[in-house]
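Note: the block below is target-v7.cif and it holds mmCIF, C-alpha atoms and all ligand atoms.
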data_my_file
#
loop_
_atom_site.label_atom_id
_atom_site.label_comp_id
_atom_site.auth_asym_id
_atom_site.auth_seq_id
_atom_site.Cartn_x
_atom_site.Cartn_y
_atom_site.Cartn_z
CA MET A 1 40.14 53.58 39.03
CA HIS A 2 36.58 53.00 37.90
CA SER A 3 33.87 55.36 36.81
CA ILE A 4 30.21 54.52 36.47
CA ASP A 5 28.47 55.86 33.41
CA GLU A 6 25.38 57.73 34.42
CA PRO A 7 22.08 56.14 33.35
CA ALA A 8 20.80 59.33 31.71
CA ARG A 9 23.65 59.43 29.24
CA LEU A 10 23.11 55.81 28.31
CA ALA A 11 19.34 56.19 28.03
CA ALA A 12 19.95 58.69 25.25
CA ILE A 13 21.41 55.93 23.09
CA GLY A 14 18.71 53.42 23.96
CA TRP A 15 20.65 51.49 26.57
CA ARG A 16 18.34 49.78 29.00
CA GLY A 17 20.70 47.56 30.90
CA ASP A 18 22.11 48.33 34.31
CA ALA A 19 24.61 51.07 34.81
CA TRP A 20 27.77 49.83 33.20
CA GLU A 21 30.90 49.78 35.26
CA MET A 22 33.74 50.72 32.99
CA PRO A 23 37.46 50.65 33.61
CA ALA A 24 39.08 54.08 33.31
CA GLY A 25 39.67 55.05 29.71
CA LYS A 26 36.81 52.87 28.44
CA ARG A 27 33.38 54.09 27.51
CA LEU A 28 30.11 52.47 26.47
CA ALA A 29 28.79 53.84 23.19
CA ARG A 30 26.48 52.87 20.35
CA VAL A 31 27.28 52.47 16.69
CA ILE A 32 25.13 54.99 14.82
CA ALA A 33 26.57 54.68 11.32
CA GLN A 34 29.02 52.67 9.34
CA HIS A 35 31.26 54.34 6.81
CA ARG A 36 33.61 52.84 4.32
CA ASN A 37 36.54 53.67 6.57
CA GLY A 38 35.23 53.46 10.10
CA TYR A 39 32.26 53.75 12.39
CA ARG A 40 30.42 56.68 13.88
CA VAL A 41 29.63 56.06 17.51
CA HIS A 42 27.61 58.05 20.04
CA ASP A 43 28.06 57.88 23.78
CA GLY A 44 24.87 59.76 24.62
CA THR A 45 26.71 63.05 24.94
CA SER A 46 28.61 63.39 21.69
CA GLU A 47 29.62 61.40 18.66
CA CYS A 48 32.95 60.54 17.13
CA THR A 49 34.61 58.25 14.62
CA ALA A 50 35.92 54.93 15.89
CA GLN A 51 38.02 52.20 14.37
CA PRO A 52 37.30 48.53 15.03
CA ALA A 53 39.98 46.56 16.89
CA PRO A 54 42.14 44.59 14.42
CA ARG A 55 40.62 41.25 15.39
CA PHE A 56 37.26 42.30 13.91
CA LEU A 57 38.91 42.85 10.55
CA ARG A 58 40.50 39.44 10.25
CA ARG A 59 39.39 37.79 7.05
CA ASP A 60 38.03 34.69 8.72
CA VAL A 61 35.66 36.67 10.94
CA ASP A 62 31.98 36.29 10.06
CA PRO A 63 30.85 39.77 9.01
CA ALA A 64 27.90 39.36 11.37
CA GLU A 65 30.37 39.30 14.27
CA ARG A 66 31.78 42.69 13.39
CA PRO A 67 30.33 45.88 14.90
CA ALA A 68 27.13 46.99 13.19
CA VAL A 69 24.68 49.87 13.49
CA GLY A 70 22.72 49.50 16.70
CA ASP A 71 25.52 47.70 18.53
CA PHE A 72 26.53 48.80 22.00
CA VAL A 73 30.30 48.76 22.08
CA VAL A 74 33.14 49.21 24.54
CA LEU A 75 35.37 52.02 23.38
CA ALA A 76 38.98 52.46 24.30
CA MET A 77 39.44 56.22 24.43
CA THR A 78 42.84 56.35 22.78
CA THR A 79 43.85 59.10 20.34
CA THR A 80 41.56 57.48 17.80
CA PRO A 81 38.78 55.76 19.75
CA ALA A 82 38.78 52.02 19.13
CA ILE A 83 35.92 49.53 19.36
CA GLU A 84 37.25 46.81 21.61
CA GLU A 85 34.16 44.75 22.32
CA ILE A 86 30.57 44.29 21.25
CA VAL A 87 28.08 44.00 24.11
CA PRO A 88 26.02 40.80 23.60
CA ARG A 89 23.12 41.64 21.28
CA ARG A 90 19.48 41.31 22.29
CA SER A 91 18.43 40.94 18.66
CA LEU A 92 20.10 40.81 15.28
CA LEU A 93 18.55 41.33 11.87
CA VAL A 94 20.62 39.78 9.11
CA ARG A 95 20.33 38.81 5.50
CA ALA A 96 22.62 36.94 3.15
CA ALA A 97 25.06 39.28 1.51
CA ALA A 98 25.15 39.59 -2.24
CA GLY A 99 28.72 38.41 -2.75
CA GLU A 100 30.05 34.90 -2.34
CA ARG A 101 32.65 35.67 0.26
CA HIS A 102 30.59 37.17 3.04
CA ARG A 103 27.81 34.95 4.18
CA ARG A 104 25.77 37.21 6.42
CA GLN A 105 25.23 40.92 6.49
CA VAL A 106 23.85 42.73 9.50
CA ILE A 107 20.96 45.08 8.82
CA ALA A 108 20.73 46.26 12.44
CA ALA A 109 21.55 45.08 15.95
CA ASN A 110 19.58 45.47 19.18
CA VAL A 111 16.29 46.46 17.59
CA ASP A 112 12.93 45.71 19.18
CA THR A 113 10.80 46.51 16.15
CA VAL A 114 11.34 46.20 12.42
CA PHE A 115 9.07 48.52 10.46
CA VAL A 116 8.54 47.01 7.02
CA LEU A 117 7.70 49.96 4.80
CA MET A 118 5.85 49.62 1.56
CA GLY A 119 4.10 52.25 -0.54
CA LEU A 120 0.40 51.75 -1.13
CA ASP A 121 0.99 53.02 -4.63
CA GLY A 122 2.90 51.05 -7.28
CA ASP A 123 5.26 49.58 -4.67
CA PHE A 124 2.63 47.39 -2.98
CA ASN A 125 3.52 43.70 -3.17
CA PRO A 126 2.38 41.20 -0.52
CA ARG A 127 4.97 38.65 -1.74
CA ARG A 128 7.75 41.01 -0.74
CA ILE A 129 6.19 41.52 2.71
CA GLU A 130 6.22 37.75 3.19
CA ARG A 131 9.92 37.72 2.40
CA TYR A 132 10.64 40.42 4.95
CA LEU A 133 8.65 38.57 7.61
CA VAL A 134 10.67 35.42 6.97
CA LEU A 135 13.86 37.44 7.38
CA ILE A 136 12.63 39.01 10.62
CA GLU A 137 11.49 35.71 12.13
CA GLY A 138 14.19 34.56 14.49
CA SER A 139 15.89 37.96 14.68
CA GLY A 140 14.49 38.64 18.14
CA ALA A 141 12.61 41.71 16.87
CA ARG A 142 8.90 42.15 16.15
CA PRO A 143 7.71 43.04 12.66
CA VAL A 144 5.22 45.83 12.04
CA VAL A 145 4.05 46.48 8.49
CA VAL A 146 3.83 50.17 7.64
CA LEU A 147 2.03 51.01 4.42
CA THR A 148 3.01 54.49 3.28
CA LYS A 149 1.55 56.99 0.82
CA ILE A 150 -2.00 56.46 2.03
CA ASP A 151 -2.60 60.00 0.77
CA LYS A 152 -1.90 58.88 -2.80
CA VAL A 153 -4.55 56.19 -3.10
CA GLU A 154 -8.34 56.09 -2.87
CA ASN A 155 -9.75 55.12 0.52
CA ALA A 156 -11.49 52.08 -0.94
CA ALA A 157 -8.26 50.85 -2.52
CA SER A 158 -6.20 51.15 0.64
CA THR A 159 -8.95 49.52 2.71
CA ALA A 160 -9.00 46.56 0.33
CA LEU A 161 -5.22 46.13 0.38
CA ARG A 162 -5.14 46.33 4.18
CA ALA A 163 -7.94 43.77 4.45
CA GLU A 164 -6.01 41.45 2.15
CA LEU A 165 -2.90 41.77 4.30
CA HIS A 166 -4.81 41.34 7.52
CA ALA A 167 -6.35 38.12 6.24
CA ALA A 168 -2.94 36.76 5.28
CA ILE A 169 -0.94 37.89 8.33
CA PRO A 170 -3.47 38.55 11.10
CA GLN A 171 -0.88 38.47 13.89
CA VAL A 172 1.26 41.23 12.42
CA GLU A 173 0.15 44.77 13.07
CA THR A 174 -0.36 46.71 9.86
CA LEU A 175 -0.47 50.49 9.89
CA ALA A 176 -1.20 52.80 6.97
CA ILE A 177 0.30 56.28 7.04
CA ASN A 178 1.26 59.36 5.14
CA ALA A 179 4.98 59.51 5.93
CA LYS A 180 5.00 63.26 5.37
CA ASP A 181 2.35 63.97 7.98
CA ALA A 182 3.31 64.28 11.64
CA ALA A 183 -0.16 63.40 12.95
CA SER A 184 -0.22 60.31 10.78
CA VAL A 185 3.23 58.98 11.76
CA ALA A 186 2.37 59.41 15.45
CA ALA A 187 0.80 55.94 15.18
CA LEU A 188 4.36 54.56 15.30
CA LEU A 189 5.37 56.32 18.50
CA LYS A 190 4.15 53.52 20.76
CA TYR A 191 7.12 51.53 19.43
CA LEU A 192 9.54 54.39 19.92
CA GLN A 193 9.49 55.12 23.63
CA ALA A 194 12.55 55.45 25.88
CA GLY A 195 14.68 52.34 25.62
CA ASP A 196 13.08 51.20 22.34
CA THR A 197 14.95 50.83 19.10
CA ALA A 198 13.35 50.32 15.70
CA VAL A 199 14.74 49.88 12.21
CA LEU A 200 13.13 50.83 8.90
CA VAL A 201 13.41 48.42 6.00
CA GLY A 202 11.83 48.46 2.57
CA SER A 203 12.54 49.22 -1.05
CA SER A 204 14.14 52.43 -2.12
CA GLY A 205 11.43 55.06 -2.41
CA ALA A 206 9.13 53.44 0.15
CA GLY A 207 9.40 56.48 2.40
CA LYS A 208 11.98 55.47 5.02
CA SER A 209 13.90 58.73 5.04
CA THR A 210 10.72 60.77 4.77
CA LEU A 211 9.30 58.96 7.80
CA THR A 212 12.54 59.46 9.71
CA ASN A 213 12.46 63.18 8.93
CA THR A 214 8.85 63.54 9.97
CA LEU A 215 9.50 61.70 13.23
CA LEU A 216 12.51 63.91 13.84
CA GLY A 217 10.56 66.99 12.87
CA VAL A 218 13.46 68.30 10.85
CA GLU A 219 14.94 67.86 7.40
CA ARG A 220 17.91 65.91 8.61
CA HIS A 221 18.31 63.30 5.91
CA ALA A 222 18.48 63.98 2.22
CA THR A 223 15.51 62.21 0.67
CA ALA A 224 15.65 60.40 -2.65
CA ALA A 225 14.78 63.52 -4.58
CA VAL A 226 18.01 65.10 -3.40
CA ARG A 227 20.22 62.11 -3.08
CA GLY A 228 19.49 60.36 -6.36
CA HIS A 229 20.68 56.84 -7.00
CA ASP A 230 24.39 57.34 -7.45
CA SER A 231 25.92 54.53 -5.45
CA ARG A 232 29.21 56.43 -5.41
CA GLY A 233 27.65 59.58 -4.04
CA ARG A 234 29.21 61.07 -0.93
CA HIS A 235 26.27 60.36 1.33
CA THR A 236 25.90 56.76 0.30
CA THR A 237 29.09 55.79 2.13
CA THR A 238 26.96 55.81 5.26
CA HIS A 239 25.39 52.40 5.45
CA ARG A 240 22.89 52.83 8.25
CA ALA A 241 22.12 55.70 10.52
CA LEU A 242 20.66 55.68 13.99
CA VAL A 243 18.94 58.76 15.37
CA GLN A 244 17.30 59.50 18.68
CA LEU A 245 13.77 60.85 18.68
CA ALA A 246 12.13 63.26 21.08
CA SER A 247 9.82 60.42 22.18
CA GLY A 248 12.91 58.74 23.67
CA GLY A 249 13.25 55.92 21.15
CA CYS A 250 16.01 55.27 18.66
CA LEU A 251 15.33 54.83 14.96
CA ILE A 252 17.60 53.30 12.34
CA ASP A 253 17.13 54.26 8.70
CA THR A 254 18.59 51.94 6.06
CA PRO A 255 19.21 52.33 2.38
CA GLY A 256 16.74 50.62 0.06
CA MET A 257 17.03 46.87 -0.04
CA ARG A 258 17.09 45.69 -3.60
CA GLU A 259 17.29 42.04 -2.71
CA ILE A 260 16.00 40.11 0.26
CA LYS A 261 18.39 37.20 0.33
CA PHE A 262 18.02 34.42 2.85
CA THR A 263 20.90 32.94 4.82
CA GLY A 264 19.31 29.53 5.19
CA ASP A 265 18.89 29.93 8.96
CA GLU A 266 15.33 31.25 8.56
CA GLU A 267 12.64 29.23 10.26
CA LEU A 268 9.76 29.17 7.80
CA ALA A 269 7.53 27.08 10.07
CA THR A 270 7.17 29.89 12.59
CA ALA A 271 7.37 32.90 10.28
CA ALA A 272 4.38 35.18 10.70
CA SER A 273 3.96 35.32 6.94
CA PHE A 274 2.76 31.74 6.78
CA ALA A 275 1.02 31.06 10.06
CA ASP A 276 -2.14 30.09 8.15
CA ILE A 277 -0.34 27.42 6.14
CA GLU A 278 1.46 26.05 9.18
CA ALA A 279 -1.87 25.88 11.02
CA LEU A 280 -3.38 23.94 8.12
CA ALA A 281 -0.44 21.55 8.05
CA LEU A 282 -1.19 20.57 11.65
CA ASP A 283 -4.41 19.00 10.37
CA CYS A 284 -2.73 16.86 7.72
CA ARG A 285 -3.05 13.14 8.41
CA PHE A 286 0.70 12.59 8.30
CA GLY A 287 3.01 14.59 10.52
CA ASP A 288 5.63 14.81 7.79
CA CYS A 289 3.13 15.57 5.00
CA ALA A 290 4.82 17.32 2.07
CA HIS A 291 1.40 18.43 0.76
CA VAL A 292 2.04 17.01 -2.68
CA GLY A 293 -0.79 14.49 -2.91
CA GLU A 294 -0.72 12.53 0.35
CA PRO A 295 -4.14 11.31 1.52
CA GLY A 296 -5.79 13.44 4.19
CA CYS A 297 -3.75 16.52 3.30
CA ALA A 298 -5.41 19.60 4.82
CA VAL A 299 -3.35 21.96 2.69
CA ARG A 300 -4.53 20.37 -0.56
CA ALA A 301 -8.09 20.38 0.74
CA ALA A 302 -7.85 24.09 1.55
CA LEU A 303 -6.43 24.78 -1.90
CA GLU A 304 -9.25 22.87 -3.54
CA SER A 305 -11.96 24.57 -1.52
CA GLY A 306 -10.34 27.95 -2.10
CA THR A 307 -9.75 28.70 1.61
CA LEU A 308 -6.03 28.84 0.84
CA ASP A 309 -5.04 31.23 -1.90
CA ALA A 310 -3.10 29.39 -4.62
CA ALA A 311 -0.71 32.34 -5.04
CA ARG A 312 0.19 32.24 -1.34
CA TRP A 313 0.78 28.53 -1.56
CA GLN A 314 3.07 29.01 -4.55
CA ALA A 315 4.91 31.75 -2.66
CA TRP A 316 5.39 29.43 0.31
CA LEU A 317 6.77 26.66 -1.90
CA LYS A 318 9.15 29.08 -3.57
CA LEU A 319 10.40 30.48 -0.26
CA ARG A 320 10.82 27.00 1.20
CA GLY A 321 12.96 26.08 -1.79
CA GLU A 322 15.01 29.25 -1.51
CA VAL A 323 15.67 28.92 2.21
CA ALA A 324 16.62 25.27 1.76
CA ALA A 325 18.98 26.13 -1.09
CA ALA A 326 20.59 28.91 0.93
CA GLY A 327 20.96 26.51 3.86
CA ASP A 328 22.65 23.97 1.64
CA THR A 329 25.13 26.52 0.43
CA LEU A 330 25.87 27.78 3.92
CA GLU A 331 26.21 24.29 5.31
CA ALA A 332 28.37 23.25 2.43
CA GLN A 333 30.57 26.29 2.98
CA LEU A 334 30.95 25.61 6.68
CA ARG A 335 31.67 21.96 6.05
CA ARG A 336 34.32 22.83 3.51
CA LYS A 337 35.86 25.32 5.90
CA SER A 338 36.05 23.00 8.89
CA ALA A 339 37.25 20.15 6.69
CA ALA A 340 40.04 22.39 5.46
CA ARG A 341 40.96 23.30 9.04
CA VAL A 342 41.10 19.64 10.09
CA ALA A 343 43.13 18.78 7.00
CA ASN A 344 45.58 21.60 7.74
CA LYS A 345 45.97 20.43 11.32
CA ALA A 346 46.53 16.85 10.20
CA LEU A 347 49.04 18.00 7.64
CA GLY A 348 50.85 20.10 10.22
CA LYS A 349 51.02 17.11 12.55
CA ARG A 350 52.37 14.85 9.83
CA LEU A 351 54.99 17.41 8.87
CA ALA A 352 55.98 17.84 12.50
CA GLU A 353 56.40 14.10 12.93
CA LYS A 354 58.33 13.78 9.73
CA TYR A 355 60.63 16.73 10.14
CA GLY A 356 60.62 17.06 13.90
CA ARG A 357 59.24 20.58 13.89
CA ASN A 358 56.56 21.73 16.31
N1 LIG B 1 2.63 61.55 -0.86
C1 LIG B 1 3.51 60.84 -0.18
N2 LIG B 1 4.80 60.80 -0.60
C2 LIG B 1 5.68 60.10 0.12
C3 LIG B 1 5.31 59.37 1.28
N3 LIG B 1 6.40 58.75 1.75
C4 LIG B 1 7.42 59.07 0.93
N4 LIG B 1 7.00 59.88 -0.07
C5 LIG B 1 7.81 60.42 -1.17
O1 LIG B 1 8.43 59.32 -1.83
C6 LIG B 1 9.76 59.65 -2.25
C7 LIG B 1 10.77 58.66 -1.67
O2 LIG B 1 10.81 58.81 -0.27
P1 LIG B 1 12.11 58.47 0.61
O3 LIG B 1 11.77 58.80 2.00
O4 LIG B 1 13.33 59.08 0.04
O5 LIG B 1 12.20 56.89 0.41
P2 LIG B 1 13.32 55.90 0.97
O6 LIG B 1 14.14 55.50 -0.22
O7 LIG B 1 12.57 54.72 1.51
O8 LIG B 1 14.11 56.59 2.02
C8 LIG B 1 9.99 61.07 -1.80
O9 LIG B 1 9.73 61.92 -2.90
C9 LIG B 1 8.95 61.30 -0.71
O10 LIG B 1 8.53 62.63 -0.61
C10 LIG B 1 3.92 59.41 1.69
O11 LIG B 1 3.49 58.79 2.67
N5 LIG B 1 3.09 60.17 0.93
MG MG B 2 16.17 56.80 2.18
ZN ZN B 3 -0.46 18.06 3.83
#
For the file at hand, write its structure as structure tokens.
Ligand SMILES: Nc1nc2c(ncn2[C@@H]2O[C@H](COP(=O)(O)OP(=O)(O)O)[C@@H](O)[C@H]2O)c(=O)[nH]1
Ligand SMILES: [Mg+2]
Ligand SMILES: [Zn+2]
Amino acid sequence: MHSIDEPARLAAIGWRGDAWEMPAGKRLARVIAQHRNGYRVHDGTSECTAQPAPRFLRRDVDPAERPAVGDFVVLAMTTTPAIEEIVPRRSLLVRAAAGERHRRQVIAANVDTVFVLMGLDGDFNPRRIERYLVLIEGSGARPVVVLTKIDKVENAASTALRAELHAAIPQVETLAINAKDAASVAALLKYLQAGDTAVLVGSSGAGKSTLTNTLLGVERHATAAVRGHDSRGRHTTTHRALVQLASGGCLIDTPGMREIKFTGDEELATAASFADIEALALDCRFGDCAHVGEPGCAVRAALESGTLDAARWQAWLKLRGEVAAAGDTLEAQLRRKSAARVANKALGKRLAEKYGRN
């Protein structure tokens, strides 16, 4: 027996595929939060806790292949609902995890827009925005820079900072808002219509939860003032939380990101943060110019004439080094892993031949 999930129910969780034909006892739902001991999932009507199928928990599974906030999942409606499958993702925002063991950590799945939040007050740091844009490049989602706390700085100061950003990253939309003000945050609603999903990233204190609350129109989340920084606090067991807004879109709040670590998969050449440098490089005489003193180097020329800001150039060099180093580590890890697998197979074969076991 088959039942077809009604489109209205699925629209409530941001599903925009076709009606999903599910076998009896299975249900399409979306991961809205991740707790230390399970997931919260929402099927558009109600939410419940769900456990991942055992295969997701195997130690050799890449953490990025486990269910994550924003994922659409197939639930088996047993006594404790179980996540059996992840619907193929339309986008995936990842970073390298802090530890050695897990290589990639999912920030959010199936997002269309990543709002990079940064306070116009003491938090403002264009170098950090560049790092976020590198992380977002290749995720399948579009970055939008959202400068918060516009109410806390002089008009002239915020205009200057915005002009600086616009000059550096002209193709990325940059908005400046007061996250506490409903009229001000309405500028984001064009990215939060029915079927849209967006995620908020940025340092702790940038205004992510405040913005979420204002968009929701209710005090749903505890903001920093209430929550504090206790990493063992009750609320902090929730890693990410997806909410649906009245505008029809879904919004994912995340905890503050202390470190923006690259996986090595990032494609610096196309990252929006450095489009100006990549454009310059096209004019270098040599296609493989490393911009370290080759004749006819357009990058050096721009540095000398002042068209290219020396600080941006330094930032690009640093990021290139970091991404390359991360790539080396990841590659080395994968190589070691597959070499070990091959060695184990070969060993097994030799043992089988020697001792006649299968
Ligand atoms: N004046 C002003 N305060 C803000 C704004 N956005 C956030 N805040 C304040 O900054 C603090 C941190 O905000 P919060 O939303 O918890 O930051 P989060 O860590 O990114 O979730 C809170 O005290 C907020 O009230 C803003 O646009 N204007
Ligand atoms: Mg917060
Ligand atoms: Zn060059």
If you count all atoms listed in the file, which residues end up within 7 Å of ligand LIG 1 (chain B), as a ChimeraX atom specification?
/A:148-152,177-180,202-211,223-225,255-256
List as a PyMOL selection string the protein and nucleic acid residues lying within 6 Å of ligand ZN 3 (chain B), with all atoms listed in the file counted.
chain A and resi 281+284+289-291+297-299
Could you tell me which of A:Ala156, A:Ala167, A:Leu117, A:Ala301 comes closest to ligand MG 2 (chain B) if we count only C-alpha atoms and all ligand atoms?
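Once distances to ligand MG 2 (chain B) are computed over only C-alpha atoms and all ligand atoms, the minimum belongs to A:Leu117.
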Which one of A:Ala183, A:Val116, A:Val87, A:Leu189 sits closest to A:Ala246 if you count only C-alpha atoms?
A:Leu189
Point out the residue among A:Ala24, A:Leu216, A:Val144, A:Ala241 with the least atom-to-atom distance to ligand MG 2 (chain B), counting only C-alpha atoms and all ligand atoms.
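Comparing A:Ala24, A:Leu216, A:Val144, A:Ala241 against ligand MG 2 (chain B), the winner is A:Ala241.
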Can you pull out every residue within 12 Å of A:Thr45, counting all atoms listed in the file, but drop anything in the same chain fewer than 5 positions away, and send it as a list of chain:residue names?
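Skipping anything fewer than 5 positions along the chain leaves A:Asp5, A:Glu6, A:Pro7, A:Ala8, A:Arg9, A:Leu10, A:Ala11, A:Ala12, A:Ile13, A:Arg27, A:Leu28, A:Ala29, A:Arg30, A:Gln244.
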With all atoms listed in the file as the counted atoms, please give the residues lying no more than 8 Å from A:Gly327, apart from itself and same-chain residues fewer than 4 positions off, as a PyMOL selection string.
chain A and resi 263-265+323+331
Have a look at atom MG of ligand MG 2 (chain B) and atom CA of A:Val74 and let me know their distance in Å, one decimal.
29.1 Å
Length of the atom CA of A:Ala326 to atom CA of A:Glu259 vector [Å]:
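Separating atom CA of A:Ala326 from atom CA of A:Glu259 is a distance of 14.0 Å.
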Pick from A:Ala53, A:Leu200, A:Gly293, A:Glu322 nearest to ligand MG 2 (chain B), counting only C-alpha atoms and all ligand atoms
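When distances to ligand MG 2 (chain B) are compared using only C-alpha atoms and all ligand atoms, the smallest one comes from A:Leu200.
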For the atom pair atom CA of A:Val185 and atom CA of A:Val199, what is the interatomic distance in Å to one decimal place?
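Between atom CA of A:Val185 and atom CA of A:Val199 the gap works out to 14.7 Å.
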